[in-house]
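Written below as structure tokens is the structure these notes are about.
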Amino acid sequence: MIAQIRIIGLTLLLFGNCSLADEAPSLAKDPILEERVKSISLELRCLVCQNQTIADSNAGLAVDLKNQVRDMLREGMTEKQIKDFMVERYGDFVLYDPPIKGITMVLWAGPLLMLFVAFWFVVRVVRRRSGSFDTQQSSEDVDRARALLKD
Amino acid sequence: MVPEIGHFAVILALCVAMAQAFFSLVGATRGYVNWMAVSRPSAYILFFLTSFGFCCLVISFLTNDFSVLNVASNSNSQLPWPYRLAASWGSHEGSLLLWVLMLSGWMAAVARFSKGLPNDMLSLILGVMALVAIGFYSFLLLTSNPFDRLLPPAMDGRDLNPLLQDPGMVIHPPMLYMGYVGFSVVFAFAIAALISGRLDTTWARWSRPWTTIAWAFLTIGIALGSWWAYYELGWGGWWFWDPVENASFMPWLCGTALMHSLLVTEKRGSFKVWTVLLAIITFSLSLLGTFLVRSGVLTSVHAFATDPERGVFILGFLVFVVGASLILFAWRAPKVGLGGRFDLVSRESALLANNVLLVVAAASVLLGTLYPLFLDALGLGKISVGPPYFDAVFIPIMAPAMFLMGIGPISRWKKSSVPDLAAKLKWAFVISIISASILPFTMGGWSLFVSFGLLLALWITLAGLVNLWTRLEQMSKGDGRTLWTSLLSLPNSYYGMLCAHLGVAVFVVGVTLVGGYEVEKDVKMSLGNTVTIGDYTIRLDALEELEGPNYTGVEGTMTILVDGEEVDQMFPQKRLYTVQQMAMTEAAIDTGFTRDLYISLGEPLSDGSWVVRVYLKPFVDWIWGGAFLMALGGVLAVSDRRYRKASEVSSSPEEVTTST
């Protein structure tokens, strides 16, 4: 604790006067570029990690890939070109946003299809239930009528 | 000796479960009273034996018995004792023992708290649970024995995975398993009802509190896991749509649907078939979750097991349970009556629509989770399905469900009128729309995402308030009660509903605002450097060596300044766990009601400076606060007076008309 206070004191002595001037340099030299790097790396998978995006990972490969994305953006490549490049190198596995194509048809269409089926199901059930009363009623009436006829 | 005694206790437990399943099921179907009498005491014995076995494992961990393989692989003499305790369920084998402990605990609870149930019904329920238990005890003993010896014994253990050395991880698995396994109770109720053909209101009434309490445990378990990921993984995310997260989220979604469906079945006698199906699906998804996490088909922090033998066993068990239940369902369900009729605009319709949306959401999560596994298994290529997919699919499905949350509770059973609903809710709707369009401007910029999220949250909250107001107004009109007595006389289950729905709104606020306005800064810091984020200036004042019980590391001292005044100090750490040589980031978090300040140390650079990540996360704690409110709502609902009465008086006819 004492050592800690001493160090704090020392730092204050050394840097205390110019605390505002000492804004830590951002790792990103160009914040707008960095925003774009981040949004792209949030959709790329770190291939050596356990299910992490390269934005979140600190693994060597992730850092390399992020740098590569940055370089490619600087060279003026578009987001699509960069992703295509990554897919060419690592396959679709690298994309967290699976591309819409033959083998992912079921994946993308599935939820929509299920939603339709669900809608149809609800409509059917509600129709039947709001109508069933009458049919039940009428069959009861028929029974009663029969009973009356027997009498 | 201790591990052998534990092993023996678990073997005995398996034998007890077999006897219990046989005598309970045969006794109940044939009507042998003597045989049925076995079921209750054997549930207690099962729980005792399993607890005994579990204690033996805990003792082995606490006493550092490295001649036990499980201890040698997952503990270390330097590990602090609370983590040695947690290591008992940190491994694959240990977590399965925890699973069967929970299962036998739930069985004992059913035996204890179901005095009012008819004898044959109770026997059927416990018999079905015993069947599930047989599956898990065999799995444990045949493929994952936690008491296996290691010869010659290890000098020291390989330590617990550092990610799991954390207070959150000590209680996360027990809570989660309480939820998972708790759904086995309602599953057993459903199967018992199918076998006996008594799918009636009483069945729904008995199932409801068990479902709600299991659901509340699961909610807490998931929230703890999310909170743990937030502070432990070092980059402040709270949900990753990771397969293991999805594995716990799918039963939660279906469990939520089940709770609401049971409500309709109890109050109106409708949706019986649907409720039974949901009970089967929910428990099956719990089993599927166990399979996914435990078989090693997923590669993720939770998947410790890579032994195919285990995967095949659980898969086989899963297929058996799901297959047998569905066959039973297909055989029995068509004989079940429809129940009361209802109109297009009614509480039944709203609940049905909500149910279906929740199930579609769960099915979509299932699709996204399993799809890459199927493609991979069939050799059709490797793809990743991540947050962009799940966000795109999940949000559009859940948004209408959340909209319905405002309408459902206020509409009437059987038949509601649109003009009446519109009259009640118009102001809630107008105020939500206006506030949601204006509020984002005051918070740092308008975006559709934020505005829409706030709209849903406001709508749920205001509709809830209108609901409460309408109820109070009716009561004061009815018998002239004062506001205060009316408030007191509303049932706990009603407050539980309001509380849980408010929890959803709070959760949505958290998700929306942290998603919309989070600020992140990655900087390179030397001693004395500052970084400004929002209103806060953070100064790195010291970096010191750190000596923990089983790790070494560096601790930074960060002073937080607001307007040049020191307000706080924070101490982010970077640890190196010596046994596993694994680096861990211990983020420093200043938790606040409206924001979290989150500092995490990255990597040291060659010139002695450090990469530091600083985040300002507005309203992030509302995410877990919301989950807590949901669980609290569940507890409130179960504490309702009528359940206490119900446990004393046997299956009395309920007051159907007093709606919840």
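How things are named: the first chain in the structure tokens is A, the next is B, and so on; residues count from 1 in each chain; ligands count from 1 in the order shown.
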Pull the closest atom pair for each residue of chain B that gets at most 7 Å from chain A, along with the distance in Å to one decimal, counting only C-alpha atoms, ordering rows by chain and then ascending residue number, as a Markdown table.
```
| residue | atom | partner | partner_atom | distance |
| --- | --- | --- | --- | --- |
| B:Trp235 | CA | A:Asp56 | CA | 6.4 |
| B:Thr299 | CA | A:Gln50 | CA | 6.2 |
| B:Ser300 | CA | A:Gln50 | CA | 5.1 |
| B:Val301 | CA | A:Gln50 | CA | 6.9 |
| B:Arg341 | CA | A:Arg129 | CA | 5.0 |
| B:Phe342 | CA | A:Ser130 | CA | 5.2 |
| B:Asp343 | CA | A:Ser130 | CA | 4.9 |
| B:Leu344 | CA | A:Val126 | CA | 5.9 |
| B:Ser349 | CA | A:Val126 | CA | 6.8 |
| B:Ala353 | CA | A:Val122 | CA | 6.5 |
| B:Val356 | CA | A:Ala118 | CA | 6.2 |
| B:Val360 | CA | A:Met114 | CA | 6.3 |
| B:Ser364 | CA | A:Pro111 | CA | 5.4 |
| B:Leu367 | CA | A:Leu107 | CA | 6.7 |
| B:Gly368 | CA | A:Leu107 | CA | 6.7 |
| B:Tyr371 | CA | A:Leu107 | CA | 6.8 |
| B:Lys382 | CA | A:Phe93 | CA | 5.3 |
| B:Ile383 | CA | A:Phe93 | CA | 4.1 |
| B:Ser384 | CA | A:Phe93 | CA | 5.0 |
| B:Val385 | CA | A:Tyr96 | CA | 5.1 |
| B:Gly386 | CA | A:Tyr96 | CA | 4.5 |
| B:Pro387 | CA | A:Tyr96 | CA | 6.9 |
| B:Pro388 | CA | A:Asp97 | CA | 5.2 |
| B:Tyr389 | CA | A:Asp97 | CA | 5.6 |
| B:Val393 | CA | A:Pro111 | CA | 7.0 |
| B:Asp522 | CA | A:Leu27 | CA | 5.7 |
| B:Val523 | CA | A:Ser26 | CA | 4.2 |
| B:Lys524 | CA | A:Pro25 | CA | 5.7 |
| B:Met525 | CA | A:Ala24 | CA | 5.3 |
| B:Gly528 | CA | A:Phe15 | CA | 5.7 |
| B:Asn529 | CA | A:Asp22 | CA | 5.0 |
| B:Thr530 | CA | A:Glu23 | CA | 4.7 |
| B:Val531 | CA | A:Glu23 | CA | 5.5 |
| B:Asp541 | CA | A:Ile8 | CA | 5.5 |
| B:Ala542 | CA | A:Ile8 | CA | 6.2 |
```
Can you write out the residues you just picked, keeping N, CA and C atoms, as a short mmCIF file (atom, residue, chain, number, x, y, z; two decimals), in the first residue's frame?
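The file below, result-v1.cif, is the result:
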```cif
data_model
loop_
_atom_site.label_atom_id
_atom_site.label_comp_id
_atom_site.auth_asym_id
_atom_site.auth_seq_id
_atom_site.Cartn_x
_atom_site.Cartn_y
_atom_site.Cartn_z
N TRP B 235 -13.98 -8.23 -22.84
CA TRP B 235 -14.34 -7.24 -23.84
C TRP B 235 -15.78 -6.77 -23.68
N THR B 299 -17.29 -26.66 -30.29
CA THR B 299 -16.01 -26.30 -29.72
C THR B 299 -16.17 -24.94 -29.09
N SER B 300 -16.15 -24.94 -27.79
CA SER B 300 -16.39 -23.71 -27.07
C SER B 300 -15.92 -23.90 -25.65
N VAL B 301 -15.86 -22.82 -24.88
CA VAL B 301 -15.29 -22.93 -23.53
C VAL B 301 -16.00 -23.95 -22.66
N ARG B 341 -64.46 -22.26 -25.96
CA ARG B 341 -64.27 -21.52 -27.20
C ARG B 341 -63.79 -20.11 -26.89
N PHE B 342 -63.18 -19.48 -27.87
CA PHE B 342 -62.77 -18.09 -27.70
C PHE B 342 -62.78 -17.37 -29.03
N ASP B 343 -62.83 -16.06 -28.95
CA ASP B 343 -62.94 -15.25 -30.16
C ASP B 343 -61.56 -14.85 -30.69
N LEU B 344 -61.59 -14.26 -31.88
CA LEU B 344 -60.34 -13.79 -32.47
C LEU B 344 -59.67 -12.78 -31.54
N SER B 349 -56.42 -15.81 -27.67
CA SER B 349 -55.76 -15.60 -28.96
C SER B 349 -54.41 -14.93 -28.78
N ALA B 353 -50.93 -16.59 -29.87
CA ALA B 353 -50.01 -15.96 -30.81
C ALA B 353 -48.63 -15.79 -30.17
N VAL B 356 -46.86 -19.13 -29.96
CA VAL B 356 -46.36 -19.59 -31.23
C VAL B 356 -45.11 -18.80 -31.64
N VAL B 360 -41.49 -20.31 -32.41
CA VAL B 360 -40.79 -20.07 -33.67
C VAL B 360 -39.41 -19.47 -33.39
N SER B 364 -35.98 -21.11 -34.49
CA SER B 364 -34.99 -20.42 -35.33
C SER B 364 -33.61 -20.48 -34.68
N LEU B 367 -32.36 -23.87 -35.31
CA LEU B 367 -31.91 -24.01 -36.70
C LEU B 367 -30.51 -23.39 -36.87
N GLY B 368 -30.36 -22.17 -36.36
CA GLY B 368 -29.07 -21.49 -36.50
C GLY B 368 -27.95 -22.20 -35.76
N TYR B 371 -27.53 -25.91 -37.72
CA TYR B 371 -27.29 -25.92 -39.18
C TYR B 371 -25.82 -26.13 -39.54
N LYS B 382 -18.12 -25.93 -44.32
CA LYS B 382 -18.14 -25.36 -42.98
C LYS B 382 -18.61 -23.91 -43.07
N ILE B 383 -19.65 -23.59 -42.32
CA ILE B 383 -20.07 -22.20 -42.25
C ILE B 383 -20.17 -21.79 -40.80
N SER B 384 -20.21 -20.50 -40.56
CA SER B 384 -20.41 -19.98 -39.22
C SER B 384 -21.73 -19.25 -39.19
N VAL B 385 -22.48 -19.48 -38.13
CA VAL B 385 -23.72 -18.72 -37.96
C VAL B 385 -23.55 -17.93 -36.67
N GLY B 386 -23.52 -16.63 -36.80
CA GLY B 386 -23.21 -15.82 -35.64
C GLY B 386 -24.21 -14.72 -35.39
N PRO B 387 -23.82 -13.75 -34.56
CA PRO B 387 -24.73 -12.67 -34.18
C PRO B 387 -25.48 -12.00 -35.34
N PRO B 388 -24.85 -11.74 -36.50
CA PRO B 388 -25.62 -11.06 -37.55
C PRO B 388 -26.85 -11.85 -37.95
N TYR B 389 -26.71 -13.18 -38.05
CA TYR B 389 -27.86 -14.02 -38.41
C TYR B 389 -28.91 -13.99 -37.31
N VAL B 393 -32.79 -12.55 -37.39
CA VAL B 393 -33.92 -13.46 -37.34
C VAL B 393 -34.73 -13.28 -36.05
N ASP B 522 -9.72 2.32 -27.54
CA ASP B 522 -8.51 1.51 -27.42
C ASP B 522 -7.33 2.46 -27.44
N VAL B 523 -6.58 2.49 -26.33
CA VAL B 523 -5.46 3.42 -26.28
C VAL B 523 -4.19 2.74 -25.83
N LYS B 524 -3.10 3.45 -26.04
CA LYS B 524 -1.80 2.97 -25.61
C LYS B 524 -1.43 3.85 -24.43
N MET B 525 -1.31 3.28 -23.23
CA MET B 525 -1.12 4.11 -22.04
C MET B 525 0.21 3.85 -21.38
N GLY B 528 0.89 7.89 -16.05
CA GLY B 528 0.58 9.30 -16.10
C GLY B 528 -0.30 9.70 -17.25
N ASN B 529 -0.44 8.83 -18.22
CA ASN B 529 -1.32 9.13 -19.35
C ASN B 529 -2.79 9.16 -18.91
N THR B 530 -3.59 9.91 -19.63
CA THR B 530 -5.02 9.92 -19.35
C THR B 530 -5.78 9.54 -20.60
N VAL B 531 -6.98 9.07 -20.39
CA VAL B 531 -7.88 8.85 -21.51
C VAL B 531 -9.25 9.37 -21.09
N ASP B 541 -2.07 5.58 -12.95
CA ASP B 541 -1.16 6.08 -11.93
C ASP B 541 -0.08 5.10 -11.54
N ALA B 542 -0.35 3.83 -11.66
CA ALA B 542 0.66 2.87 -11.25
C ALA B 542 0.43 1.55 -11.93
#
```
Skipping near chain neighbours, those fewer than 6 positions away, what residues fall within 12 Å of A:Met77 using only C-alpha atoms, listed as a PyMOL selection string?
chain A and resi 36-37+68-71+83-85
Close residues, B:Ile397 itself excluded, 7 Å, only C-alpha atoms, min 3 positions apart in chain, as a list in words
Leu357, Ala361, Val393, Phe394 and Pro400 of chain B
Could you go through stretch 30-146 of chain A and tell me which residues DSSP, when run on the backbone, assigns to helix (DSSP H, G or I), listing them as a PyMOL selection string?
chain A and resi 31-41+60-74+79-90+92-94+102-146
Using DSSP on the backbone coordinates, identify the residues of stretch 505-646 of chain B assigned to strand (DSSP E); present them as a PDB file with C-alpha atoms, in the first residue's frame.
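part25.pdb, freshly written:
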```pdb
ATOM      1  CA  VAL B 519     -18.433   4.123 -26.352  1.00  0.00           C
ATOM      2  CA  GLU B 520     -15.176   2.234 -26.696  1.00  0.00           C
ATOM      3  CA  LYS B 521     -11.627   3.527 -26.731  1.00  0.00           C
ATOM      4  CA  ASP B 522      -8.509   1.505 -27.423  1.00  0.00           C
ATOM      5  CA  VAL B 523      -5.463   3.424 -26.284  1.00  0.00           C
ATOM      6  CA  LYS B 524      -1.804   2.973 -25.606  1.00  0.00           C
ATOM      7  CA  MET B 525      -1.122   4.107 -22.041  1.00  0.00           C
ATOM      8  CA  THR B 530      -5.016   9.917 -19.345  1.00  0.00           C
ATOM      9  CA  VAL B 531      -7.878   8.846 -21.513  1.00  0.00           C
ATOM     10  CA  THR B 532     -11.167  10.707 -21.667  1.00  0.00           C
ATOM     11  CA  ILE B 533     -14.421   8.876 -22.231  1.00  0.00           C
ATOM     12  CA  TYR B 536     -14.734  10.696 -17.233  1.00  0.00           C
ATOM     13  CA  THR B 537     -10.998  11.127 -17.404  1.00  0.00           C
ATOM     14  CA  ILE B 538      -9.025   8.048 -16.502  1.00  0.00           C
ATOM     15  CA  ARG B 539      -5.413   8.370 -15.432  1.00  0.00           C
ATOM     16  CA  LEU B 540      -2.977   5.487 -15.195  1.00  0.00           C
ATOM     17  CA  ASP B 541      -1.163   6.080 -11.928  1.00  0.00           C
ATOM     18  CA  ALA B 542       0.662   2.874 -11.251  1.00  0.00           C
ATOM     19  CA  LEU B 543       1.415  -0.570 -12.574  1.00  0.00           C
ATOM     20  CA  GLU B 544       2.403  -3.122  -9.997  1.00  0.00           C
ATOM     21  CA  GLU B 545       3.368  -6.744  -9.813  1.00  0.00           C
ATOM     22  CA  LEU B 546       0.662  -8.960  -8.432  1.00  0.00           C
ATOM     23  CA  GLU B 547       1.012 -12.228  -6.527  1.00  0.00           C
ATOM     24  CA  TYR B 551      -1.427 -16.741 -10.454  1.00  0.00           C
ATOM     25  CA  THR B 552       0.951 -13.848 -10.952  1.00  0.00           C
ATOM     26  CA  GLY B 553       0.168 -10.701 -12.816  1.00  0.00           C
ATOM     27  CA  VAL B 554       0.075  -6.959 -13.116  1.00  0.00           C
ATOM     28  CA  GLU B 555      -2.392  -4.574 -11.552  1.00  0.00           C
ATOM     29  CA  GLY B 556      -2.947  -1.089 -12.842  1.00  0.00           C
ATOM     30  CA  THR B 557      -4.119   1.733 -10.634  1.00  0.00           C
ATOM     31  CA  MET B 558      -6.482   3.964 -12.539  1.00  0.00           C
ATOM     32  CA  THR B 559      -7.737   7.201 -11.045  1.00  0.00           C
ATOM     33  CA  ILE B 560     -11.067   8.431 -12.315  1.00  0.00           C
ATOM     34  CA  LEU B 561     -11.511  12.186 -12.621  1.00  0.00           C
ATOM     35  CA  VAL B 562     -14.651  14.151 -13.267  1.00  0.00           C
ATOM     36  CA  GLU B 565     -11.606  16.076  -9.386  1.00  0.00           C
ATOM     37  CA  GLU B 566     -10.639  12.594  -8.321  1.00  0.00           C
ATOM     38  CA  VAL B 567     -13.763  10.554  -7.697  1.00  0.00           C
ATOM     39  CA  ASP B 568     -12.649   6.952  -7.697  1.00  0.00           C
ATOM     40  CA  GLN B 569      -9.876   4.478  -8.261  1.00  0.00           C
ATOM     41  CA  MET B 570     -10.094   1.308 -10.307  1.00  0.00           C
ATOM     42  CA  GLN B 573      -5.569  -6.764 -13.676  1.00  0.00           C
ATOM     43  CA  LYS B 574      -3.837  -8.998 -16.136  1.00  0.00           C
ATOM     44  CA  ARG B 575      -3.252 -12.417 -14.623  1.00  0.00           C
ATOM     45  CA  LEU B 576      -1.162 -15.366 -15.664  1.00  0.00           C
ATOM     46  CA  TYR B 577      -2.420 -18.593 -14.142  1.00  0.00           C
ATOM     47  CA  MET B 582      -3.171 -19.071 -19.281  1.00  0.00           C
ATOM     48  CA  ALA B 583      -3.450 -15.306 -19.377  1.00  0.00           C
ATOM     49  CA  MET B 584      -6.663 -13.786 -18.066  1.00  0.00           C
ATOM     50  CA  THR B 585      -7.976 -10.271 -18.140  1.00  0.00           C
ATOM     51  CA  GLU B 586      -9.646  -9.120 -14.944  1.00  0.00           C
ATOM     52  CA  ALA B 588     -12.166  -3.288 -13.509  1.00  0.00           C
ATOM     53  CA  ILE B 589     -15.793  -2.242 -13.586  1.00  0.00           C
ATOM     54  CA  ASP B 590     -17.381   0.724 -11.885  1.00  0.00           C
ATOM     55  CA  THR B 591     -21.031  -0.249 -11.793  1.00  0.00           C
ATOM     56  CA  ARG B 595     -23.763   3.373 -16.834  1.00  0.00           C
ATOM     57  CA  ASP B 596     -20.807   1.069 -16.283  1.00  0.00           C
ATOM     58  CA  LEU B 597     -17.240   2.242 -16.645  1.00  0.00           C
ATOM     59  CA  TYR B 598     -15.262  -0.751 -17.858  1.00  0.00           C
ATOM     60  CA  ILE B 599     -11.468  -0.850 -18.024  1.00  0.00           C
ATOM     61  CA  SER B 600      -9.542  -3.826 -19.263  1.00  0.00           C
ATOM     62  CA  LEU B 601      -5.787  -4.215 -19.625  1.00  0.00           C
ATOM     63  CA  GLY B 602      -4.751  -5.528 -23.009  1.00  0.00           C
ATOM     64  CA  GLU B 603      -1.181  -6.392 -23.855  1.00  0.00           C
ATOM     65  CA  PRO B 604       2.086  -4.803 -22.677  1.00  0.00           C
ATOM     66  CA  TRP B 610       0.049  -0.995 -22.190  1.00  0.00           C
ATOM     67  CA  VAL B 611      -2.809  -1.399 -24.581  1.00  0.00           C
ATOM     68  CA  VAL B 612      -5.870  -0.415 -22.559  1.00  0.00           C
ATOM     69  CA  ARG B 613      -9.487  -0.781 -23.562  1.00  0.00           C
ATOM     70  CA  VAL B 614     -11.954   1.565 -21.932  1.00  0.00           C
ATOM     71  CA  TYR B 615     -15.707   1.321 -22.372  1.00  0.00           C
ATOM     72  CA  LEU B 616     -18.587   3.455 -21.239  1.00  0.00           C
ATOM     73  CA  LYS B 617     -21.626   1.219 -21.266  1.00  0.00           C
ATOM     74  CA  PRO B 618     -24.881   3.050 -20.656  1.00  0.00           C
TER      75      PRO B 618
END
```
Straight-line distance linking atom CA of B:Arg208 with atom CA of B:Leu262, stated in Å to one decimal
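Distance between the two atoms: 6.3 Å.
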I'd like the neighbourhood of stretch 71-74 of chain B as an MDAnalysis selection string, where a residue qualifies if any of its atoms comes within 9 Å (using only C-alpha atoms), though same-chain residues fewer than 4 positions away should be ignored.
chainID B and resid 57 60:61 64:67 84 87:88 90:91 146:147 150 153:161
Hey, what's within 10 Å of B:Ala13 if we count only C-alpha atoms and toss same-chain stuff fewer than 6 positions away? As a ChimeraX atom specification, please?
/B:7,19,42-43,45-50,53,100,104,133-134,137
Dump of C-alpha atoms for the selected residues, as a PDB file, in the first residue's frame:
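After the write, again_25.pdb holds the following:
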```
ATOM      1  CA  HIS B   7     -19.118 -44.328  -6.101  1.00  0.00           C
ATOM      2  CA  ALA B  19     -36.771 -50.237  -8.416  1.00  0.00           C
ATOM      3  CA  SER B  42     -37.613 -44.099  -2.651  1.00  0.00           C
ATOM      4  CA  ALA B  43     -37.475 -40.488  -3.879  1.00  0.00           C
ATOM      5  CA  ILE B  45     -33.644 -42.342  -0.455  1.00  0.00           C
ATOM      6  CA  LEU B  46     -32.488 -41.441  -3.950  1.00  0.00           C
ATOM      7  CA  PHE B  47     -31.905 -37.858  -2.889  1.00  0.00           C
ATOM      8  CA  PHE B  48     -30.053 -38.967   0.235  1.00  0.00           C
ATOM      9  CA  LEU B  49     -27.765 -41.370  -1.634  1.00  0.00           C
ATOM     10  CA  THR B  50     -26.971 -38.848  -4.349  1.00  0.00           C
ATOM     11  CA  GLY B  53     -22.129 -39.325  -3.218  1.00  0.00           C
ATOM     12  CA  VAL B 100     -28.418 -36.114 -10.958  1.00  0.00           C
ATOM     13  CA  SER B 104     -33.127 -36.407  -7.188  1.00  0.00           C
ATOM     14  CA  ALA B 133     -32.844 -40.633 -13.578  1.00  0.00           C
ATOM     15  CA  ILE B 134     -31.908 -44.167 -14.703  1.00  0.00           C
ATOM     16  CA  TYR B 137     -27.153 -42.379 -13.525  1.00  0.00           C
TER      17      TYR B 137
END
```
Which residues are close to B:Val336, i.e. within 9 Å by only C-alpha atoms, leaving aside same-chain residues fewer than 5 positions away? Reply as a PyMOL selection string.
chain B and resi 197-199+272-273
Output file for the residues above (C-alpha atoms, as a PDB file, in the first residue's frame):
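Written out: part.pdb:
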```pdb
ATOM      1  CA  GLY B 197     -55.594 -39.880 -19.641  1.00  0.00           C
ATOM      2  CA  ARG B 198     -56.250 -37.181 -17.072  1.00  0.00           C
ATOM      3  CA  LEU B 199     -55.272 -34.043 -18.934  1.00  0.00           C
ATOM      4  CA  LYS B 272     -54.276 -28.898 -23.411  1.00  0.00           C
ATOM      5  CA  VAL B 273     -52.637 -30.676 -26.306  1.00  0.00           C
TER       6      VAL B 273
END
```
Find the distance between atom CA of B:Met259 and atom CA of B:Phe271 and write it in Å to one decimal.
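Here the two named atoms are 11.9 Å from each other.
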For B:Val276, which of B:Ser114, B:Ser261, B:Ser489, B:Ser411 is the closest residue, counting only C-alpha atoms?
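Nearest to B:Val276: B:Ser261.
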Do a neighbour search on B:Val38 at 12 Å with only C-alpha atoms, toss out local chain neighbours closer than 5 positions, and write the hits as a list in words.
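Here the qualifying residues turn out to be Val16, Ala17, Met18, Ala19, Gln20, Ala21, Phe22, Phe23, Ser24, Leu25, Val26, Gly27, Ala28, Tyr32, Val33, Ala43, Tyr44, Ile45, Leu46, Ala111, Asn119, Asp120, Leu122, Ser123, Leu124, Leu126 and Gly127 of chain B.
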Would you save the residues from that selection as a PDB file, in the first residue's frame, using C-alpha atoms?
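What ended up in result-v7.pdb:
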```pdb
ATOM      1  CA  VAL B  16     -33.065 -47.453  -6.192  1.00  0.00           C
ATOM      2  CA  ALA B  17     -34.114 -45.511  -9.290  1.00  0.00           C
ATOM      3  CA  MET B  18     -34.651 -48.778 -11.195  1.00  0.00           C
ATOM      4  CA  ALA B  19     -36.771 -50.237  -8.416  1.00  0.00           C
ATOM      5  CA  GLN B  20     -38.671 -46.989  -8.102  1.00  0.00           C
ATOM      6  CA  ALA B  21     -39.414 -46.767 -11.811  1.00  0.00           C
ATOM      7  CA  PHE B  22     -40.613 -50.369 -11.926  1.00  0.00           C
ATOM      8  CA  PHE B  23     -42.820 -50.369  -8.828  1.00  0.00           C
ATOM      9  CA  SER B  24     -44.202 -46.860  -9.354  1.00  0.00           C
ATOM     10  CA  LEU B  25     -45.112 -47.246 -13.007  1.00  0.00           C
ATOM     11  CA  VAL B  26     -46.421 -50.799 -12.880  1.00  0.00           C
ATOM     12  CA  GLY B  27     -48.117 -50.155  -9.549  1.00  0.00           C
ATOM     13  CA  ALA B  28     -49.836 -47.039 -10.821  1.00  0.00           C
ATOM     14  CA  TYR B  32     -51.405 -51.956  -6.789  1.00  0.00           C
ATOM     15  CA  VAL B  33     -51.495 -49.692  -3.749  1.00  0.00           C
ATOM     16  CA  ALA B  43     -37.475 -40.488  -3.879  1.00  0.00           C
ATOM     17  CA  TYR B  44     -36.138 -39.469  -0.476  1.00  0.00           C
ATOM     18  CA  ILE B  45     -33.644 -42.342  -0.455  1.00  0.00           C
ATOM     19  CA  LEU B  46     -32.488 -41.441  -3.950  1.00  0.00           C
ATOM     20  CA  ALA B 111     -42.693 -36.242  -3.099  1.00  0.00           C
ATOM     21  CA  ASN B 119     -51.579 -41.545  -5.153  1.00  0.00           C
ATOM     22  CA  ASP B 120     -51.475 -43.097  -8.603  1.00  0.00           C
ATOM     23  CA  LEU B 122     -47.823 -39.118  -7.880  1.00  0.00           C
ATOM     24  CA  SER B 123     -46.487 -42.605  -8.553  1.00  0.00           C
ATOM     25  CA  LEU B 124     -46.656 -42.059 -12.291  1.00  0.00           C
ATOM     26  CA  LEU B 126     -42.091 -40.070  -9.797  1.00  0.00           C
ATOM     27  CA  GLY B 127     -41.867 -43.172 -11.965  1.00  0.00           C
TER      28      GLY B 127
END
```
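Ranking B:Gly255, B:Gly269, B:Gly453, B:Gly496 by their shortest atom-to-atom distance to B:Asp640, with only C-alpha atoms included, puts B:Gly496 first.
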Grab the atom CA of B:Tyr180 to atom CA of B:Ser284 distance for me, in Å with one decimal place.
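Atom CA of B:Tyr180 sits 9.9 Å away from atom CA of B:Ser284.
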